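Below is one structure; the comments refer to it alone.
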Amino acid sequence: MRLAKKIYNDDGVVLLSEGVELTSGIIRKLYNHGLDYIYIQDKDTDDVIVRDIVSPDTKRQALREIRTHFRSLADPAFQKATYPIIGKSFAGIIDTIISEISADPEVMVMLMSMHTKDNYLYYHSLNVCIYTLLLGKVHGYSQEEMKVLGIGSLLHDVGKAYIPNEVLFKPGRLTDAEYNIIKLHTEYGYKMLKDEPGIPLLAAHCAYQHHERLNGSGYPRGLQEHEIHEYAKWIGIADSYDALTTSRVYRAAMLPHEALEVLYSGSGSLYDKDMLAIFKSRIAIYPIGLTVTLSNGLKGVVVHIHSAIPQRPIVRILYNEAGERIMAPFDMDLLAHHTVMVTAVEGMNAHMPAPIT
C-alpha cells in the first residue's frame with residue numbers, strides 16, 4: 001500500500017508525504033502515534049475526493065496557535081497581561097474557520113484524524129471547535145454569536161492544562177478520586193477565563209458548563225436543562241462525539257454511526273433532541289472510504305454522501321456476493337435502490353481510511 005494523503009506531526013510539519021510505501025515498520029509507528037486511519041492509494045477509487053471541513057493549512061495554523069497558547073496558560077510564570085493577545089489570536093482562527101465553513105452549504109462532518117496525537121488535547125479542542133461552529137451555522141447564529149461560540153468551543157477544555165498528566169493520560173480505568181480530579185478541569189477553565197478582557201465571558205461559561213447534562217447528572221454543578229447555556233449544550237454534543245470517535249489509550253475509536261447511537265441513547269435526558277437532530281443531519285454516518293456490506297450481499301466503498309439523506313450514500317461496488325473482487329467496479333446509489341441497505345461496516349479500506357492493526 002502507498003499513502004494517498006499527507007500525515008502531519010504535532011507541529012503541523014509533514015511527517016509522511018503522498019506515495020510513501022507503507023511498510024510494517026511505518027504502520028507500527030503511525031499506530032503508536034495514535035492515528036485512527038490513513039488514506040491509501042487504490043486505482044478503483046483514485047477519483048474520489050474527500051472535502052475537508054476546513055483546509056489543511058487552517059488546521060495546521062490553528063494547532064500551532066492552540067499549542068503555543070495552551071502551554072502559556074499552564075505556565076505559572078505566564079503574564080495575564082497577554083490574555084488580550086491570546087483572545088485576538090484565537091478570534092482570527094475562528095474567523096477563518098467560519099469563512100471556510102460558510103463557503104460550502106453542504107459541508108458534512110467527516111473523520112478528522114489525519115495528525116499524530118502526541119497531544120490529544122490540542123486536536124480535540126480544534127475538532128470540537130469545528131464541529132460546534134458547523135452546528136452553529138446550521139442553527140442560524142449571527143456572525144458575532146458564532147465568534148463567541150467558536151472561542152468558547154476552542155477553549156472548552158483549557159482547564160485540563162492544570163490536570164496532572166499521570167491522571168489525564170492514565171491508560172487504564174480511573175479511580176473515583178482520579179475522576180474527581182479530571183472533573184476539576186471545568187472549574188479551572190472557568191477561573192482562568194472569566195475575568196480576562198480579551199476573552200468573552202460566555203467562553204468561560206462554556207468551559208464551566210460543557211459537561212452539564214439536561215437531567216442534572218452532569219458536572220460540576222448538576223445543572224438541569226434550562227439552567228445550561230445553549231452554547232454549552234452544543235459543545236457538549238460535539239465534545240462527546242469527538243471523544244467517542246477518537247482512539248484513546250484505554251479504548252478504540254468508534255465509527256460515526258456507532259458514536260451517533262451512543263449520543264441518541266441520551267436524547268432528551270443528556271442532550272437536547274432538536275440539537276441532536278441538527279447534528280445528525282450534518283454527520284457523515286458512513287464516511288467516504290468506509291467499506292460496507294449491503295443487504296444484497298455486495299460489498300464496496302462509500303464514495304459519495306447525499307447531504308440531505310446521509311444514511312443513503314453512493315457505494316462503489318468492488319466485491320460480489322462471494323467476496324471476490326470484481327473486474328469492473330460500479331457505483332450503486334442507495335437513494336435509487338430503496339430496498340438495499342447497509343447491513344455491516346467492515347472497517348476502512350480502499351483509497352480511504354484503513355484500520356492500522
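Residue numbering restarts at 1 in every chain; chains get A, B, ... in the order shown in the C-alpha cells, and ligands count up from 1 in that same order.
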In stretch 171-301 of chain A, DSSP strand (DSSP E) residues written as number ranges by chain:
A: 290-294, 299-301
Which residues are close to stretch 18-31 of chain A, i.e. within 6 Å by only C-alpha atoms, leaving aside same-chain residues fewer than 5 positions away? Reply as JSON, numbers by chain.
{"A": [1, 2, 3, 4, 5, 6]}
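Separating atom CA of A:Gly289 from atom CA of A:Pro310 is a distance of 13.9 Å.
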Near A:Met275, counting only C-alpha atoms, which residues have an atom at most 12 Å away, once you skip same-chain residues fewer than 3 positions from it, shown as a ChimeraX atom specification?
/A:132,135-136,138-139,230-238,263-264,267-268,270-272,278-282
Going by DSSP on the backbone, which bits of stretch 43-273 of chain A are alpha helix (DSSP H)? Write them as a ChimeraX atom specification, please.
/A:56-73,83-102,120-139,143-154,165-168,176-183,185-193,201-209,230-244,256-264,273
Using atom CA of A:Val158 and atom CA of A:Glu258 as the two end points, give the distance in Å to one decimal.
27.5 Å
Can you pull out every residue within 6 Å of A:Leu334, counting only C-alpha atoms, but drop anything in the same chain fewer than 3 positions away, and send it as number ranges by chain?
A: 312-314, 337
Distance in Å - atom CA of A:Ser269 versus atom CA of A:Glu225:
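Between atom CA of A:Ser269 and atom CA of A:Glu225 the gap is 8.9 Å.
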A:Ile130, A:Val342, A:Leu201, A:Val262 ranked by distance to A:Gly300, top pick (using only C-alpha atoms):
A:Val342
Using only C-alpha atoms for the distances, tell me which of A:Ile228, A:Ala177, A:Ile98, A:Leu15 is nearest to A:Ser55.
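Residue with the minimum atom-to-atom distance to A:Ser55: A:Ile98.
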Using only C-alpha atoms, which residue out of A:Gly323, A:Pro105, A:Gly34, A:Pro200 lies closest to A:Val148?
A:Pro200
Extract, using only C-alpha atoms, all DNA, RNA and protein residues at most 8 Å from A:Leu126, discarding same-chain residues fewer than 3 positions from it, and format them as a ChimeraX atom specification.
/A:59,62-63,122-123,129-130,154
Those selected residues, please, written with N, CA, C and O atoms and delivered as a PDB file, in the first residue's frame.
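After the write, result_16.pdb holds the following:
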```pdb
ATOM      1  N   LYS A  59      -5.993  24.186   9.579  1.00  0.00           N
ATOM      2  CA  LYS A  59      -5.824  23.274  10.711  1.00  0.00           C
ATOM      3  C   LYS A  59      -4.423  23.393  11.301  1.00  0.00           C
ATOM      4  O   LYS A  59      -4.258  23.453  12.525  1.00  0.00           O
ATOM      5  N   ALA A  62      -4.044  26.668  13.148  1.00  0.00           N
ATOM      6  CA  ALA A  62      -4.826  26.647  14.385  1.00  0.00           C
ATOM      7  C   ALA A  62      -4.148  25.799  15.449  1.00  0.00           C
ATOM      8  O   ALA A  62      -4.081  26.182  16.626  1.00  0.00           O
ATOM      9  N   LEU A  63      -3.629  24.643  15.058  1.00  0.00           N
ATOM     10  CA  LEU A  63      -2.965  23.767  16.024  1.00  0.00           C
ATOM     11  C   LEU A  63      -1.709  24.406  16.597  1.00  0.00           C
ATOM     12  O   LEU A  63      -1.411  24.256  17.791  1.00  0.00           O
ATOM     13  N   TYR A 122      -4.955  19.267  22.095  1.00  0.00           N
ATOM     14  CA  TYR A 122      -4.952  20.295  21.046  1.00  0.00           C
ATOM     15  C   TYR A 122      -5.858  19.904  19.892  1.00  0.00           C
ATOM     16  O   TYR A 122      -6.653  20.713  19.396  1.00  0.00           O
ATOM     17  N   TYR A 123      -5.740  18.660  19.433  1.00  0.00           N
ATOM     18  CA  TYR A 123      -6.554  18.210  18.312  1.00  0.00           C
ATOM     19  C   TYR A 123      -8.029  18.140  18.702  1.00  0.00           C
ATOM     20  O   TYR A 123      -8.901  18.500  17.914  1.00  0.00           O
ATOM     21  N   CYS A 129     -14.223  22.627  18.170  1.00  0.00           N
ATOM     22  CA  CYS A 129     -14.498  23.973  17.659  1.00  0.00           C
ATOM     23  C   CYS A 129     -15.103  23.907  16.258  1.00  0.00           C
ATOM     24  O   CYS A 129     -16.117  24.557  15.973  1.00  0.00           O
ATOM     25  N   ILE A 130     -14.520  23.108  15.384  1.00  0.00           N
ATOM     26  CA  ILE A 130     -15.019  22.995  14.011  1.00  0.00           C
ATOM     27  C   ILE A 130     -16.424  22.409  13.991  1.00  0.00           C
ATOM     28  O   ILE A 130     -17.325  22.930  13.317  1.00  0.00           O
ATOM     29  N   LEU A 154     -13.392  26.397  21.376  1.00  0.00           N
ATOM     30  CA  LEU A 154     -11.947  26.196  21.260  1.00  0.00           C
ATOM     31  C   LEU A 154     -11.286  26.091  22.633  1.00  0.00           C
ATOM     32  O   LEU A 154     -10.318  25.349  22.823  1.00  0.00           O
TER      33      LEU A 154
END
```
Spatial neighbours of A:Ile53, max dist 7 Å, only C-alpha atoms, sep filter under 4 positions, as a VMD selection string:
chain A and resid 101 107 109
Just the residues within 12 Å of A:Asp57, please, counting only C-alpha atoms, with nothing from its chain fewer than 2 positions along; format it as a ChimeraX atom specification.
/A:8,12-14,52-55,59-64,93,96-97,100
